[in-house]
Amino acid sequence: FAFLVEIVKNNPDLIRFKREWKKEIAASGGDASTAGVATVTQKTKLAVVDLFIVPRHISDGLELDRDAVMAANAKTDERKGTGFLTKTECRALIETYIEKENLVDPKGKGRVLVNGPICDALYRVSKKNKQPDQKTAEYPTSVKRKELIEKWIGRMDKGHALVQMPGSKILNLGRGGPKPVDIEVEFRQGNRRKFLTRLRGMEEYGVEGEALCRDVAHRFACSGSVETDPVGRPALRKGRVELVFQGHLSEELAALLTGDEASTGHGGAKGSGYSLPKSVINVVLRKGVPARKKR
């Protein structure tokens with residue numbers, strides 16, 4: 001038997017070996033500085049970020065800077081010139097307008113004067129939305145800055161970004177809210193003691209339906225099927241499917257798809273390769289279906 005007693009780091013043979021080893025790595029196109037260092041792969045997650053779009057009539061009415069409205073100087077290339085603004089960028093638009101038009105109210109601390117364009121954009125009710133018996137409204141001439149900014153944000157069109165973390169890489173930009181992934185639990189036909197769990201919408205986040213069906217069936221030891229035209233159900237978009245599993249799997253599927261294995265006691269959710277945002281998971285329990293007990 002042989003035992004390692006000591007390593008002499010300044011041994012000439014060891015030094016010569018290290019030099020030759022690094023040369024071989026460099027010659028093969030590798031990075032000698034990371035030789036012998038284990039690579040740690042960090043699991044990515046998906047997140048939804050709220051974005052805002054300035055309506056054209058508001059932008060024109062206040063004569064806002066076109067580049068600022070279109071996010072021409074956005075930090076990420078994916079947003080540049082798209083008109084999708086962060087909340088900070090959106091707020092900066094109205095703050096800049098207030099300073100440019102000298103609308104800081106000298107008579108009230110933290111208050112802002114409401115000029116014609118702001119009144120039209122944020123307070124005046126359009127003829128289209130005006131009720132027949134609605135009286136002529138009195139509009140404010142001065143409001144709290146905080147109130148004005150909240151009103152401004154509320155008047156924006158809503159958008160969102162699907163972002164890969166870490167790294168904040170934008171995968172998709174869209175108007176309105178993110179598409180939901182629906183998990184719906186119902187009673188099996190003619191049997192109020194057994195359940196079916198339906199799942200749809202996963203393709204929006206890069207999850208292939210048939211592969212997910214096989215994975216779920218294997219992890220949770222249940223039967224699953226893939227339906228392209230489910231009877232009596234809302235129509236599916238082209239190329240989309242609905243997955244149907246036996247059992248009440250709302251908790252397990254939500255945990256698996258979000259990668260949050262701690263939210264379920266079922267071991268099948270461990271080691272999930274999925275990373276959908278929790279905010280897009282929409283769980284619906286049909287009439288009479290009981291909620292799962294908290295663990």
# chains A, B, ... in the order shown; residues from 1 in each chain; ligands from 1
>>> select_by_dssp(residues="region 183-295 of chain A", states="strand (DSSP E or B)", output="ChimeraX atom specification")
/A:183-188,191-200,224-227,242-246,281-285
>>> select_by_dssp(residues="region 69-212 of chain A", states="helix (DSSP H, G or I)", output="count of residues only")
42
>>> atom_distance(atom1="CA of Val181 (chain A)", atom2="CA of Thr264 (chain A)")
18.3 Å
>>> residues_around(residues="Asn115 (chain A)", least_positions_apart="3", cutoff="9 Å", atoms="only C-alpha atoms", output="PyMOL selection string")
chain A and resi 101+103+118-120+141-142
>>> closest_residue(among="A:Asp60, A:Glu147, A:Gly116, A:Phe220", to="Lys270 (chain A)", atoms="only C-alpha atoms")
A:Phe220
>>> atom_distance(atom1="CA of Phe195 (chain A)", atom2="CA of Val289 (chain A)")
8.3 Å
>>> closest_residue(among="A:Arg66, A:Lys194, A:Lys169, A:Arg200", to="His248 (chain A)", atoms="only C-alpha atoms")
A:Lys194
>>> residues_around(residues="Val143 (chain A)", least_positions_apart="4", cutoff="12 Å", atoms="only C-alpha atoms", output="VMD selection string")
chain A and resid 103 to 105 107 to 115 118 to 119 122 to 123 139 147 to 151
>>> write_last_selection(atoms="N, CA, C and O atoms", output="PDB file, in the first residue's frame")
ATOM      1  N   LEU A 103     -45.048  72.783 -13.804  1.00  0.00           N
ATOM      2  CA  LEU A 103     -46.344  72.481 -13.187  1.00  0.00           C
ATOM      3  C   LEU A 103     -46.257  72.206 -11.686  1.00  0.00           C
ATOM      4  O   LEU A 103     -47.249  71.826 -11.077  1.00  0.00           O
ATOM      5  N   VAL A 104     -45.093  72.417 -11.094  1.00  0.00           N
ATOM      6  CA  VAL A 104     -44.985  72.262  -9.645  1.00  0.00           C
ATOM      7  C   VAL A 104     -45.781  73.381  -8.983  1.00  0.00           C
ATOM      8  O   VAL A 104     -45.560  74.562  -9.258  1.00  0.00           O
ATOM      9  N   ASP A 105     -46.740  73.001  -8.130  1.00  0.00           N
ATOM     10  CA  ASP A 105     -47.627  73.988  -7.492  1.00  0.00           C
ATOM     11  C   ASP A 105     -46.873  74.728  -6.383  1.00  0.00           C
ATOM     12  O   ASP A 105     -46.491  74.115  -5.384  1.00  0.00           O
ATOM     13  N   LYS A 107     -48.010  76.725  -4.285  1.00  0.00           N
ATOM     14  CA  LYS A 107     -48.841  76.954  -3.102  1.00  0.00           C
ATOM     15  C   LYS A 107     -49.050  75.690  -2.270  1.00  0.00           C
ATOM     16  O   LYS A 107     -49.638  75.764  -1.189  1.00  0.00           O
ATOM     17  N   GLY A 108     -48.624  74.565  -2.771  1.00  0.00           N
ATOM     18  CA  GLY A 108     -48.837  73.321  -2.029  1.00  0.00           C
ATOM     19  C   GLY A 108     -47.652  72.393  -2.131  1.00  0.00           C
ATOM     20  O   GLY A 108     -47.205  72.064  -3.233  1.00  0.00           O
ATOM     21  N   LYS A 109     -47.116  71.961  -0.999  1.00  0.00           N
ATOM     22  CA  LYS A 109     -45.967  71.069  -0.991  1.00  0.00           C
ATOM     23  C   LYS A 109     -46.362  69.704  -1.545  1.00  0.00           C
ATOM     24  O   LYS A 109     -47.354  69.108  -1.137  1.00  0.00           O
ATOM     25  N   GLY A 110     -45.568  69.236  -2.486  1.00  0.00           N
ATOM     26  CA  GLY A 110     -45.835  67.919  -3.061  1.00  0.00           C
ATOM     27  C   GLY A 110     -47.025  67.887  -3.989  1.00  0.00           C
ATOM     28  O   GLY A 110     -47.548  66.808  -4.278  1.00  0.00           O
ATOM     29  N   ARG A 111     -47.434  69.043  -4.486  1.00  0.00           N
ATOM     30  CA  ARG A 111     -48.596  69.101  -5.371  1.00  0.00           C
ATOM     31  C   ARG A 111     -48.182  69.561  -6.765  1.00  0.00           C
ATOM     32  O   ARG A 111     -47.143  70.194  -6.955  1.00  0.00           O
ATOM     33  N   VAL A 112     -49.035  69.216  -7.743  1.00  0.00           N
ATOM     34  CA  VAL A 112     -48.764  69.518  -9.144  1.00  0.00           C
ATOM     35  C   VAL A 112     -49.992  70.174  -9.760  1.00  0.00           C
ATOM     36  O   VAL A 112     -51.130  69.762  -9.493  1.00  0.00           O
ATOM     37  N   LEU A 113     -49.770  71.186 -10.573  1.00  0.00           N
ATOM     38  CA  LEU A 113     -50.869  71.854 -11.274  1.00  0.00           C
ATOM     39  C   LEU A 113     -51.347  70.982 -12.437  1.00  0.00           C
ATOM     40  O   LEU A 113     -50.539  70.336 -13.102  1.00  0.00           O
ATOM     41  N   VAL A 114     -52.632  70.960 -12.655  1.00  0.00           N
ATOM     42  CA  VAL A 114     -53.226  70.173 -13.746  1.00  0.00           C
ATOM     43  C   VAL A 114     -53.545  71.116 -14.901  1.00  0.00           C
ATOM     44  O   VAL A 114     -54.487  71.916 -14.817  1.00  0.00           O
ATOM     45  N   ASN A 115     -52.759  71.033 -15.978  1.00  0.00           N
ATOM     46  CA  ASN A 115     -53.036  71.878 -17.144  1.00  0.00           C
ATOM     47  C   ASN A 115     -54.010  71.163 -18.088  1.00  0.00           C
ATOM     48  O   ASN A 115     -54.464  70.048 -17.826  1.00  0.00           O
ATOM     49  N   ILE A 118     -52.972  67.500 -19.474  1.00  0.00           N
ATOM     50  CA  ILE A 118     -53.024  66.476 -18.421  1.00  0.00           C
ATOM     51  C   ILE A 118     -54.464  66.172 -18.050  1.00  0.00           C
ATOM     52  O   ILE A 118     -54.854  65.019 -17.846  1.00  0.00           O
ATOM     53  N   CYS A 119     -55.276  67.229 -17.973  1.00  0.00           N
ATOM     54  CA  CYS A 119     -56.690  67.030 -17.662  1.00  0.00           C
ATOM     55  C   CYS A 119     -57.357  66.157 -18.719  1.00  0.00           C
ATOM     56  O   CYS A 119     -58.104  65.228 -18.392  1.00  0.00           O
ATOM     57  N   LEU A 122     -55.873  62.443 -18.384  1.00  0.00           N
ATOM     58  CA  LEU A 122     -56.053  61.654 -17.171  1.00  0.00           C
ATOM     59  C   LEU A 122     -57.412  61.811 -16.479  1.00  0.00           C
ATOM     60  O   LEU A 122     -57.835  60.889 -15.767  1.00  0.00           O
ATOM     61  N   TYR A 123     -58.071  62.927 -16.672  1.00  0.00           N
ATOM     62  CA  TYR A 123     -59.274  63.188 -15.880  1.00  0.00           C
ATOM     63  C   TYR A 123     -60.558  63.339 -16.694  1.00  0.00           C
ATOM     64  O   TYR A 123     -61.622  62.940 -16.248  1.00  0.00           O
ATOM     65  N   TYR A 139     -63.203  69.397 -12.848  1.00  0.00           N
ATOM     66  CA  TYR A 139     -61.894  68.772 -12.882  1.00  0.00           C
ATOM     67  C   TYR A 139     -60.928  69.501 -11.955  1.00  0.00           C
ATOM     68  O   TYR A 139     -61.014  70.731 -11.788  1.00  0.00           O
ATOM     69  N   GLU A 147     -50.619  61.108  -6.403  1.00  0.00           N
ATOM     70  CA  GLU A 147     -51.912  60.770  -7.010  1.00  0.00           C
ATOM     71  C   GLU A 147     -51.845  60.887  -8.530  1.00  0.00           C
ATOM     72  O   GLU A 147     -52.375  60.043  -9.254  1.00  0.00           O
ATOM     73  N   LEU A 148     -51.181  61.939  -9.011  1.00  0.00           N
ATOM     74  CA  LEU A 148     -51.064  62.151 -10.451  1.00  0.00           C
ATOM     75  C   LEU A 148     -50.288  61.010 -11.112  1.00  0.00           C
ATOM     76  O   LEU A 148     -50.678  60.509 -12.172  1.00  0.00           O
ATOM     77  N   ILE A 149     -49.199  60.581 -10.483  1.00  0.00           N
ATOM     78  CA  ILE A 149     -48.381  59.513 -11.050  1.00  0.00           C
ATOM     79  C   ILE A 149     -49.149  58.187 -11.071  1.00  0.00           C
ATOM     80  O   ILE A 149     -49.088  57.435 -12.042  1.00  0.00           O
ATOM     81  N   GLU A 150     -49.890  57.904  -9.989  1.00  0.00           N
ATOM     82  CA  GLU A 150     -50.701  56.684  -9.959  1.00  0.00           C
ATOM     83  C   GLU A 150     -51.763  56.718 -11.060  1.00  0.00           C
ATOM     84  O   GLU A 150     -52.046  55.700 -11.702  1.00  0.00           O
ATOM     85  N   LYS A 151     -52.347  57.897 -11.272  1.00  0.00           N
ATOM     86  CA  LYS A 151     -53.348  58.063 -12.328  1.00  0.00           C
ATOM     87  C   LYS A 151     -52.706  57.846 -13.698  1.00  0.00           C
ATOM     88  O   LYS A 151     -53.280  57.222 -14.588  1.00  0.00           O
TER      89      LYS A 151
END
>>> atom_distance(atom1="CA of Phe187 (chain A)", atom2="CA of Val216 (chain A)")
19.5 Å
>>> residues_around(residues="Ile94 (chain A)", least_positions_apart="5", cutoff="10 Å", atoms="only C-alpha atoms", output="PyMOL selection string")
chain A and resi 62+64+89+99-100+118+148-149+152-153
>>> write_last_selection(atoms="C-alpha atoms", output="PDB file, in the first residue's frame")
ATOM      1  CA  LEU A  62     -48.801  65.919 -24.225  1.00  0.00           C
ATOM      2  CA  LEU A  64     -43.998  63.683 -25.389  1.00  0.00           C
ATOM      3  CA  GLU A  89     -39.270  54.761 -17.566  1.00  0.00           C
ATOM      4  CA  GLU A  99     -40.673  69.953 -14.980  1.00  0.00           C
ATOM      5  CA  LYS A 100     -40.782  71.062 -18.625  1.00  0.00           C
ATOM      6  CA  ILE A 118     -53.024  66.476 -18.421  1.00  0.00           C
ATOM      7  CA  LEU A 148     -51.064  62.151 -10.451  1.00  0.00           C
ATOM      8  CA  ILE A 149     -48.381  59.513 -11.050  1.00  0.00           C
ATOM      9  CA  TRP A 152     -50.763  58.216 -15.101  1.00  0.00           C
ATOM     10  CA  ILE A 153     -49.650  54.621 -14.627  1.00  0.00           C
TER      11      ILE A 153
END
>>> closest_residue(among="A:Cys213, A:Arg188, A:Pro230, A:Ala137", to="Val125 (chain A)", atoms="only C-alpha atoms")
A:Ala137
>>> closest_residue(among="A:Glu138, A:Glu261, A:Glu78, A:Glu186", to="Tyr274 (chain A)", atoms="only C-alpha atoms")
A:Glu261
>>> closest_residue(among="A:Ala74, A:Ala47, A:Ala291, A:Leu196", to="Gly167 (chain A)", atoms="only C-alpha atoms")
A:Ala47
>>> residues_around(residues="Lys87 (chain A)", least_positions_apart="2", cutoff="9 Å", atoms="only C-alpha atoms", output="PyMOL selection string")
chain A and resi 50-52+85+89-92+153
>>> decode(residues="region 65-110 of chain A", atoms="N, CA and C atoms", output="short mmCIF file (atom, residue, chain, number, x, y, z; two decimals), in the first residue's frame")
data_model
loop_
_atom_site.label_atom_id
_atom_site.label_comp_id
_atom_site.auth_asym_id
_atom_site.auth_seq_id
_atom_site.Cartn_x
_atom_site.Cartn_y
_atom_site.Cartn_z
N ASP A 65 -41.68 63.24 -25.86
CA ASP A 65 -40.54 62.90 -26.69
C ASP A 65 -40.73 61.50 -27.28
N ARG A 66 -40.67 61.42 -28.61
CA ARG A 66 -40.98 60.17 -29.29
C ARG A 66 -40.00 59.05 -28.94
N ASP A 67 -38.72 59.39 -28.84
CA ASP A 67 -37.72 58.37 -28.50
C ASP A 67 -37.96 57.80 -27.11
N ALA A 68 -38.32 58.67 -26.16
CA ALA A 68 -38.57 58.20 -24.80
C ALA A 68 -39.81 57.31 -24.76
N VAL A 69 -40.84 57.69 -25.52
CA VAL A 69 -42.07 56.90 -25.56
C VAL A 69 -41.82 55.53 -26.17
N MET A 70 -40.93 55.46 -27.16
CA MET A 70 -40.66 54.20 -27.85
C MET A 70 -39.53 53.40 -27.22
N ALA A 71 -39.06 53.82 -26.06
CA ALA A 71 -37.98 53.11 -25.35
C ALA A 71 -36.73 52.97 -26.22
N ALA A 72 -36.40 54.06 -26.93
CA ALA A 72 -35.24 54.02 -27.83
C ALA A 72 -33.93 53.81 -27.09
N ASN A 73 -33.91 54.22 -25.81
CA ASN A 73 -32.68 54.09 -25.03
C ASN A 73 -32.80 53.03 -23.94
N ALA A 74 -33.64 52.05 -24.17
CA ALA A 74 -33.81 50.97 -23.19
C ALA A 74 -32.49 50.24 -22.95
N LYS A 75 -32.33 49.71 -21.76
CA LYS A 75 -31.08 49.03 -21.41
C LYS A 75 -30.90 47.73 -22.17
N THR A 76 -32.00 47.11 -22.56
CA THR A 76 -31.91 45.84 -23.29
C THR A 76 -32.26 46.05 -24.75
N ASP A 77 -31.51 45.40 -25.63
CA ASP A 77 -31.76 45.54 -27.07
C ASP A 77 -33.16 45.05 -27.45
N GLU A 78 -33.66 44.06 -26.73
CA GLU A 78 -34.97 43.50 -27.07
C GLU A 78 -36.09 44.52 -26.93
N ARG A 79 -35.93 45.52 -26.04
CA ARG A 79 -36.98 46.51 -25.83
C ARG A 79 -36.78 47.80 -26.62
N LYS A 80 -35.61 48.00 -27.16
CA LYS A 80 -35.32 49.26 -27.85
C LYS A 80 -36.25 49.47 -29.04
N GLY A 81 -36.94 50.61 -29.05
CA GLY A 81 -37.80 50.96 -30.15
C GLY A 81 -39.13 50.24 -30.18
N THR A 82 -39.45 49.49 -29.13
CA THR A 82 -40.70 48.71 -29.11
C THR A 82 -41.86 49.45 -28.47
N GLY A 83 -41.57 50.46 -27.64
CA GLY A 83 -42.64 51.14 -26.91
C GLY A 83 -43.00 50.45 -25.60
N PHE A 84 -42.32 49.36 -25.27
CA PHE A 84 -42.56 48.66 -24.00
C PHE A 84 -41.66 49.30 -22.93
N LEU A 85 -42.27 49.97 -21.97
CA LEU A 85 -41.54 50.72 -20.96
C LEU A 85 -41.62 50.05 -19.60
N THR A 86 -40.55 50.17 -18.82
CA THR A 86 -40.61 49.76 -17.42
C THR A 86 -41.39 50.81 -16.65
N LYS A 87 -41.77 50.48 -15.43
CA LYS A 87 -42.52 51.45 -14.62
C LYS A 87 -41.69 52.69 -14.36
N THR A 88 -40.38 52.51 -14.15
CA THR A 88 -39.49 53.65 -13.92
C THR A 88 -39.44 54.55 -15.13
N GLU A 89 -39.32 53.97 -16.33
CA GLU A 89 -39.27 54.76 -17.57
C GLU A 89 -40.59 55.48 -17.82
N CYS A 90 -41.69 54.79 -17.51
CA CYS A 90 -43.01 55.37 -17.70
C CYS A 90 -43.21 56.57 -16.76
N ARG A 91 -42.78 56.39 -15.53
CA ARG A 91 -42.90 57.48 -14.55
C ARG A 91 -42.02 58.66 -14.95
N ALA A 92 -40.85 58.38 -15.51
CA ALA A 92 -39.94 59.46 -15.91
C ALA A 92 -40.57 60.35 -16.97
N LEU A 93 -41.44 59.80 -17.81
CA LEU A 93 -42.10 60.60 -18.85
C LEU A 93 -42.95 61.72 -18.25
N ILE A 94 -43.77 61.37 -17.26
CA ILE A 94 -44.64 62.39 -16.67
C ILE A 94 -43.85 63.34 -15.77
N GLU A 95 -42.80 62.82 -15.11
CA GLU A 95 -41.95 63.69 -14.28
C GLU A 95 -41.26 64.73 -15.16
N THR A 96 -40.75 64.29 -16.30
CA THR A 96 -40.10 65.22 -17.23
C THR A 96 -41.08 66.25 -17.75
N TYR A 97 -42.30 65.83 -18.03
CA TYR A 97 -43.33 66.75 -18.53
C TYR A 97 -43.67 67.80 -17.47
N ILE A 98 -43.78 67.37 -16.22
CA ILE A 98 -44.09 68.31 -15.13
C ILE A 98 -43.02 69.39 -15.01
N GLU A 99 -41.77 68.98 -15.08
CA GLU A 99 -40.67 69.95 -14.98
C GLU A 99 -40.64 70.86 -16.21
N LYS A 100 -40.84 70.29 -17.38
CA LYS A 100 -40.78 71.06 -18.63
C LYS A 100 -41.87 72.14 -18.67
N GLU A 101 -43.06 71.80 -18.17
CA GLU A 101 -44.20 72.74 -18.22
C GLU A 101 -44.32 73.58 -16.95
N ASN A 102 -43.36 73.44 -16.04
CA ASN A 102 -43.37 74.22 -14.78
C ASN A 102 -44.69 74.03 -14.02
N LEU A 103 -45.05 72.78 -13.80
CA LEU A 103 -46.34 72.48 -13.19
C LEU A 103 -46.26 72.21 -11.69
N VAL A 104 -45.09 72.42 -11.09
CA VAL A 104 -44.99 72.26 -9.65
C VAL A 104 -45.78 73.38 -8.98
N ASP A 105 -46.74 73.00 -8.13
CA ASP A 105 -47.63 73.99 -7.49
C ASP A 105 -46.87 74.73 -6.38
N PRO A 106 -46.65 76.03 -6.55
CA PRO A 106 -45.91 76.78 -5.52
C PRO A 106 -46.69 76.95 -4.23
N LYS A 107 -48.01 76.73 -4.28
CA LYS A 107 -48.84 76.95 -3.10
C LYS A 107 -49.05 75.69 -2.27
N GLY A 108 -48.62 74.57 -2.77
CA GLY A 108 -48.84 73.32 -2.03
C GLY A 108 -47.65 72.39 -2.13
N LYS A 109 -47.12 71.96 -1.00
CA LYS A 109 -45.97 71.07 -0.99
C LYS A 109 -46.36 69.70 -1.54
N GLY A 110 -45.57 69.24 -2.49
CA GLY A 110 -45.84 67.92 -3.06
C GLY A 110 -47.02 67.89 -3.99
#
